[in-house]
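One structure is given below, encoded as structure tokens.
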Amino acid sequence: MKIHLPNSAFLGNIDPFLRAFDSSNPNELKITANKKWISVHPVVLSMVAALGLAVSKSNIQVEKLEATSKHYLERMNLFKFLGIKSDIKITEHEAAGRFIPVTQITSSQELTKFITEMIPLLHLDPKHVDPIRYIVSELVRNVIEHAQSKHGAILCAQYYKKSNTIRIGIADTGVGIKETINRAHNAPTNLDAIHLALMPGITGTTRREGGTEYNAGAGLFFIKSIAQVNRDFFMVYSGDAMYKLLKSTSKQHLILHADPFKDRHSAGENFPFWKGTVVGVDISLDATKEFSVLLDLIRKTYIQTVRERKKERYRRARFI
Amino acid sequence: MKIIKMFPLVGNFAENKDLARDIRIKQIIPALEKKQEVTLDFKGVDSATQSFVHALISDLIRKFGSEVLDTIFFKNCSETIKEIVNIVVEYMQETE
């Protein structure tokens, strides 16, 4: 496998980075980087770290980094996480910033502990705490419950002062959305599976409306909706497919759709195959609505969707 | 009346579904089966996930019917928790 850390890769312009990923030779990982400057979304680091865990340390090769911004990778603990020595030194007076370094979570207990510890790291106002911990909890729990990944969930996050945004990236190298969704539904392609996984009330654990006693199939819909209400990016990449909720402007009337393809989005297939799932999300702290207001919007869309699906299953009178 | 104080069990952010399931199976269901009313007291809990609330109460609505909502009380809920409880209660009744 080869992965190149480019000059810039954020959710808005991440497609070329994903397309450049070479998934051949899954037992080796070669990491290269832009020589001048590396500025990447945390999801990029989560992906690199997840790939690194899936291969033997001796088979990871990192090209000597020359970019002046290489300290960022060290500060996010990428090399330590991969078990690779780097010659990058971070001076003590360097600002600590507001970030969550690359972290691996493999169990429910670890997740609960992590959620408690992560909030102080991001120095969030109480208003912003709810959506951020909600997103992290639901995404990581999805991995723990459904991904069957030997290495659990790999995540990291960073606060960006200029845009006043928290960017979060979570990656796993598990079975991927297509396999989990197809346990209960028919999704011939990876994009079909992502499409279904983003719909409210669709879970891979049952076809039954309302889900099982343990799963409702609402997690990804909630997270997409949180990003949408705040007019932020949200991306899911699994198998050879990628779905991206695009930023909407504040002038556009906000409507939550149950069908992710009705949202302003981009989606594609034939991406290099990612064995597992990657999710990236941006949360703008300027635009964050009160969480309860946001939930009220989600509730209305959710209930309307369940009603419509129920109605579709009504038996019809037969007039003869 | 059985009162279940949630904060000591789940902390200030109720997100661990395993704990929700434990509370439902070990505390709520036995009380309901004894025809006791149950109060879930969320004092000290700021927020919850939909997954947590689903694991806590969806199966009660499925097993006991929506009438169970006449015997379960949600106390000291923040606006966020109220919204999430309402979402789960509504979609579970829609799917019955």
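Within each chain, counting starts at residue 1; across the structure tokens, chains are named A, B, ... in the order shown, with ligands numbered 1 upward in that order.
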
task: Please identify which residues in region 58-229 of chain A DSSP calls strand (DSSP E) from the backbone, and express them as a PyMOL selection string.
output: chain A and resi 60-62+99-105+153-160+165-172

field: Contacts of Ile31 (chain A) at 10 Å (only C-alpha atoms; same-chain gap of 6+ positions) as a list in words
entry: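 Skipping anything fewer than 6 positions along the chain leaves Met1, Lys2, Ile3, His4, Leu5, Val48, Gly52, Ile60, Gln61, Val62, Glu63, Lys64 and Leu65 of chain A.
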
Write out, as a PDB file, in the first residue's frame, the residues just selected, with N, CA and C atoms.
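Written out: selection27.pdb:
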ATOM      1  N   MET A   1       0.848  -1.190   0.000  1.00  0.00           N
ATOM      2  CA  MET A   1       0.000   0.000   0.000  1.00  0.00           C
ATOM      3  C   MET A   1       0.883   1.238   0.000  1.00  0.00           C
ATOM      4  N   LYS A   2       0.400   2.263  -0.654  1.00  0.00           N
ATOM      5  CA  LYS A   2       1.130   3.530  -0.653  1.00  0.00           C
ATOM      6  C   LYS A   2       0.139   4.633  -0.354  1.00  0.00           C
ATOM      7  N   ILE A   3       0.553   5.544   0.515  1.00  0.00           N
ATOM      8  CA  ILE A   3      -0.318   6.684   0.810  1.00  0.00           C
ATOM      9  C   ILE A   3       0.548   7.934   0.844  1.00  0.00           C
ATOM     10  N   HIS A   4       0.066   8.960   0.191  1.00  0.00           N
ATOM     11  CA  HIS A   4       0.851  10.195   0.061  1.00  0.00           C
ATOM     12  C   HIS A   4       0.145  11.324   0.802  1.00  0.00           C
ATOM     13  N   LEU A   5       0.884  11.943   1.726  1.00  0.00           N
ATOM     14  CA  LEU A   5       0.323  13.087   2.453  1.00  0.00           C
ATOM     15  C   LEU A   5       0.530  14.328   1.577  1.00  0.00           C
ATOM     16  N   VAL A  48      -3.986   6.880   7.810  1.00  0.00           N
ATOM     17  CA  VAL A  48      -2.590   6.423   7.777  1.00  0.00           C
ATOM     18  C   VAL A  48      -2.320   5.520   8.988  1.00  0.00           C
ATOM     19  N   GLY A  52      -1.344   1.600   9.132  1.00  0.00           N
ATOM     20  CA  GLY A  52      -0.110   1.204   9.810  1.00  0.00           C
ATOM     21  C   GLY A  52      -0.330   0.067  10.790  1.00  0.00           C
ATOM     22  N   ILE A  60       6.632  -1.016   7.398  1.00  0.00           N
ATOM     23  CA  ILE A  60       6.205   0.378   7.194  1.00  0.00           C
ATOM     24  C   ILE A  60       7.437   1.192   6.816  1.00  0.00           C
ATOM     25  N   GLN A  61       7.328   1.873   5.725  1.00  0.00           N
ATOM     26  CA  GLN A  61       8.443   2.685   5.250  1.00  0.00           C
ATOM     27  C   GLN A  61       7.956   4.135   5.149  1.00  0.00           C
ATOM     28  N   VAL A  62       8.649   5.017   5.868  1.00  0.00           N
ATOM     29  CA  VAL A  62       8.260   6.433   5.807  1.00  0.00           C
ATOM     30  C   VAL A  62       9.370   7.212   5.114  1.00  0.00           C
ATOM     31  N   GLU A  63       9.015   7.870   4.062  1.00  0.00           N
ATOM     32  CA  GLU A  63       9.978   8.713   3.345  1.00  0.00           C
ATOM     33  C   GLU A  63      10.406   9.858   4.262  1.00  0.00           C
ATOM     34  N   LYS A  64      11.675  10.266   4.179  1.00  0.00           N
ATOM     35  CA  LYS A  64      12.136  11.365   5.031  1.00  0.00           C
ATOM     36  C   LYS A  64      11.291  12.609   4.759  1.00  0.00           C
ATOM     37  N   LEU A  65      10.739  13.142   5.840  1.00  0.00           N
ATOM     38  CA  LEU A  65       9.840  14.290   5.671  1.00  0.00           C
ATOM     39  C   LEU A  65      10.638  15.581   5.644  1.00  0.00           C
TER      40      LEU A  65
END

- request: Using only C-alpha atoms, find the residues of chain B whose closest atom to chain A is at most 10 Å away, then write them as an MDAnalysis selection string.
  value: chainID B and resid 10:21 46:63 78:84 86:88 90:96

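Restricting the calculation to only C-alpha atoms, the smallest distance between Ile154 (chain A) and any of A:Ile38, A:Leu256, A:Val140, A:Ala241 is found for A:Val140.
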
task: Could you jot down the CA of Leu11 (chain A) to CA of Lys244 (chain A) separation for me, Å, one decimal place?
output: 8.0 Å

field: Residue set, chain B restricted to alpha helix (DSSP H), as a VMD selection string
entry: chain B and resid 7 to 10 17 to 23 29 to 33 50 to 64 79 to 95

- prompt: Between CA of Ser39 (chain A) and CA of Thr103 (chain A), what is the distance, to one decimal in Å?
  reply: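 Between CA of Ser39 (chain A) and CA of Thr103 (chain A) the gap works out to 19.4 Å.
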
message: Nearest residue to Asp41 (chain B) out of B:Lys75, B:Phe7, B:Met1, B:Gln27, using only C-alpha atoms?
response: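 Using only C-alpha atoms, Asp41 (chain B) sits closest to B:Lys75.
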